[in-house]
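Novice: Sharing a structure, written as structure tokens. Questions coming.
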Amino acid sequence: MSFLIADQDYYEPWDTVDPGPRYDAGLMPAGWTRLDSGAWTHWGPAGLVLPDQGWKLHVSSSLPNAQSVLTVVSTACAELGVPFKHLAGRHMFLLAHDKHANRVQSGKFCTLYPPTDQCALRTLRRLEEELSGISGPFVLTDRRFGVSECVSYRYGAFRGRIRVDAEGHQVHTMVGPDGREIDDERRPAFHLPPGVIDPFRQRAPDAATGPVTLNDYTFEAVLRHSNAGGAYRFRSADGSQVFVKEAKAHNGYTADGADAKTRLTAEYLTLRAIHGREAGLCPRPVELFHHWEHSYLVTELVPGVPLYRWMVTNNPAVHIGPDATALAEYHRRALAVLDQLDAQLHRLHELGYVFVDLSPTNVLVDDDDRVRLIDFEAVQPIKDVRRIMGTPGYLHPDPLSVAKRDPVELDRFGLAALALLLVFPVHEVAERHPRVLDHLHANLTEIAPVAPRLWQWATRCHDRAEDSPLPTPQAVREDTVAALRRLADRTADTLEAMGQPDHPVRVYPTNPLGHQTDTRAVAAGTAGVLYALHRAGRVCDPAVVRRLRDDALAAAPTSAPGLLYGSAGIACVLAELGESDAAETLLAAAAAHPLNGTSATLGGGAAGTALGLLVHHRHTGEQRWLDLAH
């Protein structure tokens with residue numbers, strides 16, 4: 001989800017967005033420098049050389065207190081000579097504490113880098129005193145200091161030591177007590193590396209024993225995690241199973257500044273109001289209680305599976321060789337599901353509420369195809385819709401305007417999107433090119449007729465009257481080869497136009513896998529695109545080829561060796577494009593990489609390296625590449 005925030009068209013990391021109005025750290029001492037980098041603003045004395053690793057201090061904050069907390073932190077750091085960084089602005093704060101944000105990162109508003117253990121202790125004591133009574137979100141990776149509710153610490157790397165794993169992911173590392181490199185593990189729990197002792201904790205609490213209980217409910221299972229709080233299955237004192245939804249303090253913010261606890265309280269009151277007037281329309285609310293700093297909503301445990309899973313399990317169209325009779329029966333069941341949803345939404349509207357976030361995870365279907373709406377977090381009075389929460393593909397593309405004009409249309413759109421899901425999930429494509437639905441209909445009709453009412457429901461929000469550059473389904477069938485050739489040419493034209501040789505991070509837009517691994521590699525990077533263009537008969541842009549060559553050579557020591565995520569695959573592409581010297585340098589580096597001895601994978605390990613070497617042997621006929629592969 002975090003890769004959907006920064007750009008309307010392409011996946012980009014969340015921290016590449018404009019931070020908006022920036023937080024002000026105040027006047028810093030002479031000689032201190034400032035560096036703005038992505039989500040963060042860094043401050044520190046010029047020329048200070050920090051150790052490679054040590055105790056990192058974190059200060060968390062609620063959204064309303066953030067600027068004031070920063071002022072306290074920056075003043076202390078300036079006087080104690082401690083370099084630090086902070087989230088750049090309010091928009092970055094909201095993204096870092098969003099419901100779908102990374103739980104390991106969340107809560108870290110300010111990060112401090114004291115150069116010694118003694119300096120760390122002085123800083124911790126000062127901030128504990130000066131921020132006494134100030135609360136912030138709990139930082140999952142850390143241990144809080146003393147009685148503070150916003151100051152915490154962990155041991156980790158200060159500098160950017162990195163290794164690569166067999167899937168091409170960059171892993172932060174540090175040096176263990178024996179001098180060997182170990183991973184700087186960033187788990188959602190406090191963790192000490194081997195040989196490191198916590199010098200700041202006075203006494204460890206007694207370890208808990210027996211089953212985990214909350215307010216007389218006994219824990220059974222985690223259903224899902226989120227940065228706003230988890231969802232769990234518990235068992236009540238009478239033996240019945242219940243659903244428990246957690247809301248963390250000062251976290252899980254939405255764009256309007258409401259945190260998870262605020263929304264959970266509103267959800268509980270909404271459930272009470274709806275259940276009191278129409279039992280069964282919503283999950284039966286049991287109670288709202290508070291434990292430690294978090295809030296918990298207890299409701300009945302509604303049976304069933306999410307609608308998406310129901311569709312994948314039952315829709316013959318997603319399987320190979322669908323049967324016409326089975327497809328017709330599935331369409332009948334899909335209409336029955338939609339009719340139930342339509343009736344429930346109609347009753348909700350009559351009670352004066354709009355659901356807003358109608359998505360495949362908020363609808364459960366039981367073994368008898370009975371449907372229930374769950375997760376009423378976004379439900380609001382029709383006459384007072386203030387908060388827009390939704391799922392891409394299922395939320396109206398202009399929700400703010402619709403909420404003012406006709407809030408019920410938000411649910412009509414969501415229900416139509418669910419109908420399209422049940423027919424076949426092509427939401428992103430249909431949203432950008434509605435005429436593609438004509439092709440979907442033609443493809444499905446070749447197997448069995450689509451129930452007209454189901455098709456009308458699934459397409460009601462997509463205007464297919466406009467002219468389209470797409471050929472008609474009939475034209476594709478009359479000359480399929482020509483249609484495919486045209487599609488290939490248009491795709492190649494578009495890829496060539498999208499290349500940005502001067503982009504600081506990547507040349508071609510990629511997907512989350514590319515950003516999380518290597519934007520140069522075959523799997524989801526420049527090499528993969530160039531290979532496709534080359535095989536399609538296109539002349540690759542020399543500037544892009546040079547960029548790939550130079551970047552790959554520079555990154556070879558920190559890249560995986562294999563075929564999909566690593567240097568061997570890039571080398572194969574560069575060799576085909578005439579860059580033989582660079583290819584051989586990369587292949588030699590790949591063959592010598594230690595990952596080949598610990599990983600046998602195709603993507604970033606020995607299998608991929610061997611295949612890359614065999615490809616180059618076939619390309620050159622030189623025995624040494626065959627010997628290396630062996």
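Chain identifiers are assigned as A, B, and so on, following the order in which chains appear in the structure tokens; residues are numbered from 1 within each chain, and ligands are numbered from 1 in order of appearance.
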Which residues are near region 588-591 of chain A? Cut-off 6 Å, only C-alpha atoms, ignore same chain within fewer than 4 positions. Put them as a list in words.

Specialist: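 Contacts, with the query itself left out: Pro561, Ser567 and Ala568 of chain A.
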
Novice: Quick one: contact table of region 45-85 of chain A to region 131-142 of chain A, 9 Å max, nearest atom pair and distance in Å to one decimal per residue, counting only C-alpha atoms, chain and number order, as JSON lines?

Specialist:
```
{"residue": "A:Leu57", "atom": "CA", "partner": "A:Asp142", "partner_atom": "CA", "distance": 8.7}
{"residue": "A:His58", "atom": "CA", "partner": "A:Val139", "partner_atom": "CA", "distance": 8.0}
{"residue": "A:Val59", "atom": "CA", "partner": "A:Gly136", "partner_atom": "CA", "distance": 8.0}
{"residue": "A:Ser60", "atom": "CA", "partner": "A:Gly136", "partner_atom": "CA", "distance": 4.9}
{"residue": "A:Ser61", "atom": "CA", "partner": "A:Gly136", "partner_atom": "CA", "distance": 4.1}
{"residue": "A:Ser62", "atom": "CA", "partner": "A:Gly136", "partner_atom": "CA", "distance": 5.1}
{"residue": "A:Leu63", "atom": "CA", "partner": "A:Gly136", "partner_atom": "CA", "distance": 8.8}
{"residue": "A:Asn65", "atom": "CA", "partner": "A:Ile134", "partner_atom": "CA", "distance": 8.6}
{"residue": "A:Val69", "atom": "CA", "partner": "A:Leu131", "partner_atom": "CA", "distance": 7.7}
{"residue": "A:Val72", "atom": "CA", "partner": "A:Leu131", "partner_atom": "CA", "distance": 7.8}
```

Novice: Quick one: everything within 8 Å of region 608-624 of chain A, counting only C-alpha atoms, minus sequence neighbours fewer than 6 positions away in the same chain. Send it as a VMD selection string.

Specialist: chain A and resid 561 to 564 568 to 569 571 to 572 575 587 590 to 591 596 601 to 602 630

Novice: Take the residues that were just selected and, keeping N, CA, C and O atoms, output them as a PDB file, in the first residue's frame.

Specialist:
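Resulting contents of selection-v7.pdb:
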```
ATOM      1  N   PRO A 561      24.314 -12.219  -6.971  1.00  0.00           N
ATOM      2  CA  PRO A 561      24.989 -12.742  -8.155  1.00  0.00           C
ATOM      3  C   PRO A 561      24.086 -13.337  -9.219  1.00  0.00           C
ATOM      4  O   PRO A 561      24.498 -13.475 -10.362  1.00  0.00           O
ATOM      5  N   GLY A 562      22.855 -13.703  -8.922  1.00  0.00           N
ATOM      6  CA  GLY A 562      22.045 -14.569  -9.776  1.00  0.00           C
ATOM      7  C   GLY A 562      21.478 -13.942 -11.033  1.00  0.00           C
ATOM      8  O   GLY A 562      21.833 -12.836 -11.442  1.00  0.00           O
ATOM      9  N   LEU A 563      20.509 -14.660 -11.625  1.00  0.00           N
ATOM     10  CA  LEU A 563      20.002 -14.310 -12.948  1.00  0.00           C
ATOM     11  C   LEU A 563      18.912 -13.253 -12.918  1.00  0.00           C
ATOM     12  O   LEU A 563      18.893 -12.336 -13.731  1.00  0.00           O
ATOM     13  N   LEU A 564      17.969 -13.344 -11.967  1.00  0.00           N
ATOM     14  CA  LEU A 564      16.812 -12.451 -11.968  1.00  0.00           C
ATOM     15  C   LEU A 564      17.064 -11.178 -11.178  1.00  0.00           C
ATOM     16  O   LEU A 564      16.653 -10.103 -11.581  1.00  0.00           O
ATOM     17  N   ALA A 568      24.593 -11.583 -12.738  1.00  0.00           N
ATOM     18  CA  ALA A 568      24.690 -12.519 -13.862  1.00  0.00           C
ATOM     19  C   ALA A 568      23.640 -12.222 -14.927  1.00  0.00           C
ATOM     20  O   ALA A 568      23.923 -12.271 -16.134  1.00  0.00           O
ATOM     21  N   GLY A 569      22.433 -11.922 -14.492  1.00  0.00           N
ATOM     22  CA  GLY A 569      21.381 -11.597 -15.448  1.00  0.00           C
ATOM     23  C   GLY A 569      21.652 -10.304 -16.181  1.00  0.00           C
ATOM     24  O   GLY A 569      21.442 -10.206 -17.403  1.00  0.00           O
ATOM     25  N   ALA A 571      24.549  -9.065 -16.767  1.00  0.00           N
ATOM     26  CA  ALA A 571      25.661  -9.336 -17.680  1.00  0.00           C
ATOM     27  C   ALA A 571      25.168  -9.959 -18.981  1.00  0.00           C
ATOM     28  O   ALA A 571      25.637  -9.603 -20.072  1.00  0.00           O
ATOM     29  N   CYS A 572      24.231 -10.893 -18.905  1.00  0.00           N
ATOM     30  CA  CYS A 572      23.688 -11.521 -20.117  1.00  0.00           C
ATOM     31  C   CYS A 572      23.073 -10.481 -21.048  1.00  0.00           C
ATOM     32  O   CYS A 572      23.248 -10.540 -22.276  1.00  0.00           O
ATOM     33  N   ALA A 575      25.814  -8.219 -22.613  1.00  0.00           N
ATOM     34  CA  ALA A 575      26.547  -8.928 -23.671  1.00  0.00           C
ATOM     35  C   ALA A 575      25.768  -8.898 -24.977  1.00  0.00           C
ATOM     36  O   ALA A 575      26.348  -8.693 -26.057  1.00  0.00           O
ATOM     37  N   LEU A 587      30.159 -10.928 -14.685  1.00  0.00           N
ATOM     38  CA  LEU A 587      30.093 -12.381 -14.531  1.00  0.00           C
ATOM     39  C   LEU A 587      31.184 -12.888 -13.590  1.00  0.00           C
ATOM     40  O   LEU A 587      30.954 -13.797 -12.781  1.00  0.00           O
ATOM     41  N   ALA A 590      30.053 -12.069 -10.181  1.00  0.00           N
ATOM     42  CA  ALA A 590      28.957 -12.954  -9.779  1.00  0.00           C
ATOM     43  C   ALA A 590      29.480 -14.331  -9.406  1.00  0.00           C
ATOM     44  O   ALA A 590      29.053 -14.938  -8.421  1.00  0.00           O
ATOM     45  N   ALA A 591      30.415 -14.857 -10.193  1.00  0.00           N
ATOM     46  CA  ALA A 591      30.941 -16.197  -9.923  1.00  0.00           C
ATOM     47  C   ALA A 591      31.692 -16.258  -8.603  1.00  0.00           C
ATOM     48  O   ALA A 591      31.721 -17.308  -7.946  1.00  0.00           O
ATOM     49  N   ASN A 596      26.763 -17.687  -3.659  1.00  0.00           N
ATOM     50  CA  ASN A 596      26.690 -18.933  -4.410  1.00  0.00           C
ATOM     51  C   ASN A 596      26.925 -20.149  -3.519  1.00  0.00           C
ATOM     52  O   ASN A 596      26.467 -21.246  -3.827  1.00  0.00           O
ATOM     53  N   THR A 601      19.437 -20.573  -5.372  1.00  0.00           N
ATOM     54  CA  THR A 601      18.283 -20.070  -6.116  1.00  0.00           C
ATOM     55  C   THR A 601      18.639 -19.571  -7.509  1.00  0.00           C
ATOM     56  O   THR A 601      19.781 -19.228  -7.813  1.00  0.00           O
ATOM     57  N   LEU A 602      17.613 -19.517  -8.343  1.00  0.00           N
ATOM     58  CA  LEU A 602      17.743 -18.963  -9.683  1.00  0.00           C
ATOM     59  C   LEU A 602      17.839 -17.437  -9.617  1.00  0.00           C
ATOM     60  O   LEU A 602      18.600 -16.814 -10.341  1.00  0.00           O
ATOM     61  N   HIS A 630      30.668 -24.805 -14.264  1.00  0.00           N
ATOM     62  CA  HIS A 630      30.818 -26.133 -13.668  1.00  0.00           C
ATOM     63  C   HIS A 630      31.243 -26.013 -12.198  1.00  0.00           C
ATOM     64  O   HIS A 630      30.715 -26.711 -11.335  1.00  0.00           O
TER      65      HIS A 630
END
```

Novice: Check the smallest atom-to-atom distance from each of A:Arg103, A:Arg154, A:Arg549, A:Arg235 to Ala521 (chain A) using only C-alpha atoms, then report the winner.

Specialist: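 Closest candidate: A:Arg549.
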
Novice: Write out, as CSV, each residue of region 72-164 of chain A that has an atom at most 12 Å from region 382-396 of chain A, together with the closest pair of atoms and their distance in Å to one decimal, counting only C-alpha atoms, rows going by chain and rising number.

Specialist:
```
residue,atom,partner,partner_atom,distance
A:Asp98,CA,A:Met389,CA,11.7
A:Lys99,CA,A:Met389,CA,10.6
A:His100,CA,A:Thr391,CA,11.4
```

Novice: Please identify which residues in region 7-190 of chain A DSSP calls alpha helix (DSSP H) from the backbone, and express them as a ChimeraX atom specification.

Specialist: /A:66-80,90-96,117-130

Novice: With only C-alpha atoms as the atoms that count, which of A:Glu12, A:Glu79, A:Asp259, A:Glu377 lies nearest to Gly44 (chain A)?

Specialist: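 Closest residue, counting only C-alpha atoms: A:Glu79.
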
Novice: Write out as an NGL selection string all residues of region 143-358 of chain A that backbone DSSP assigns to strand (DSSP E).

Specialist: :A and (143-144 or 151-157 or 162-164 or 170-175 or 181-183 or 213-214 or 217-224 or 231-235 or 241-247 or 285-291 or 294-300 or 305-306 or 353-354)

Novice: Rank nothing, just name the residue among A:Cys110, A:Leu454, A:Leu400, A:Leu348 nearest to Arg332 (chain A), using only C-alpha atoms.

Specialist: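 The closest residue to Arg332 (chain A) is A:Leu454.
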
Novice: Which residues, written as a list in words, have at least one atom at most 10 Å from His172 (chain A), with only C-alpha atoms counted and residues fewer than 2 positions away on the same chain left out?

Specialist: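 Non-adjacent residues within range: Gly156, Ala157, Arg159, Gly160, Arg161, Ile162, Arg163, Val164, His169, Gln170, Met174, Ile182, Asp183, Asp184, Glu185 and Arg186 of chain A.
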
Novice: Looking at only C-alpha atoms, which of A:Thr299, A:Ser580, A:Gln340, A:Thr558 is the one that sits closest to Ala166 (chain A)?

Specialist: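 For Ala166 (chain A), the nearest of the given residues is A:Thr558.
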
Novice: With only C-alpha atoms as the basis for distance, which of A:Leu415, A:Thr445, A:Phe234, A:Ala378 is at the shortest distance from Leu327 (chain A)?

Specialist: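 Of A:Leu415, A:Thr445, A:Phe234, A:Ala378, the one nearest Leu327 (chain A), counting only C-alpha atoms, is A:Thr445.
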
Novice: Find the residues near region 502-516 of chain A: any atom within 7 Å, counting only C-alpha atoms, skip ones fewer than 6 places away on the same chain, and give them as a list in words.

Specialist: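 Those residues are Phe3, Tyr10, Tyr11, His169, Ala524, Gly525 and Thr526 of chain A.
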
Novice: Using only C-alpha atoms, determine which residues lie at most 12 Å from Glu409 (chain A), disregarding the query and same-chain residues fewer than 5 positions distant; provide the list as a list of chain:residue names.

Specialist: A:Leu345, A:His346, A:His349, A:Val354, A:Phe355, A:Val356, A:Asp357, A:Leu358, A:Ile382, A:Tyr394, A:Leu395, A:His396, A:Pro397, A:Asp398, A:Pro399, A:Leu400, A:Ser401, A:Val402, A:Ala403, A:Lys404, A:Gly414, A:Leu415, A:Ala416, A:Arg460, A:Cys461

Novice: So how far away is CA of Val17 (chain A) from CA of Ile5 (chain A), in Å?

Specialist: 7.9 Å
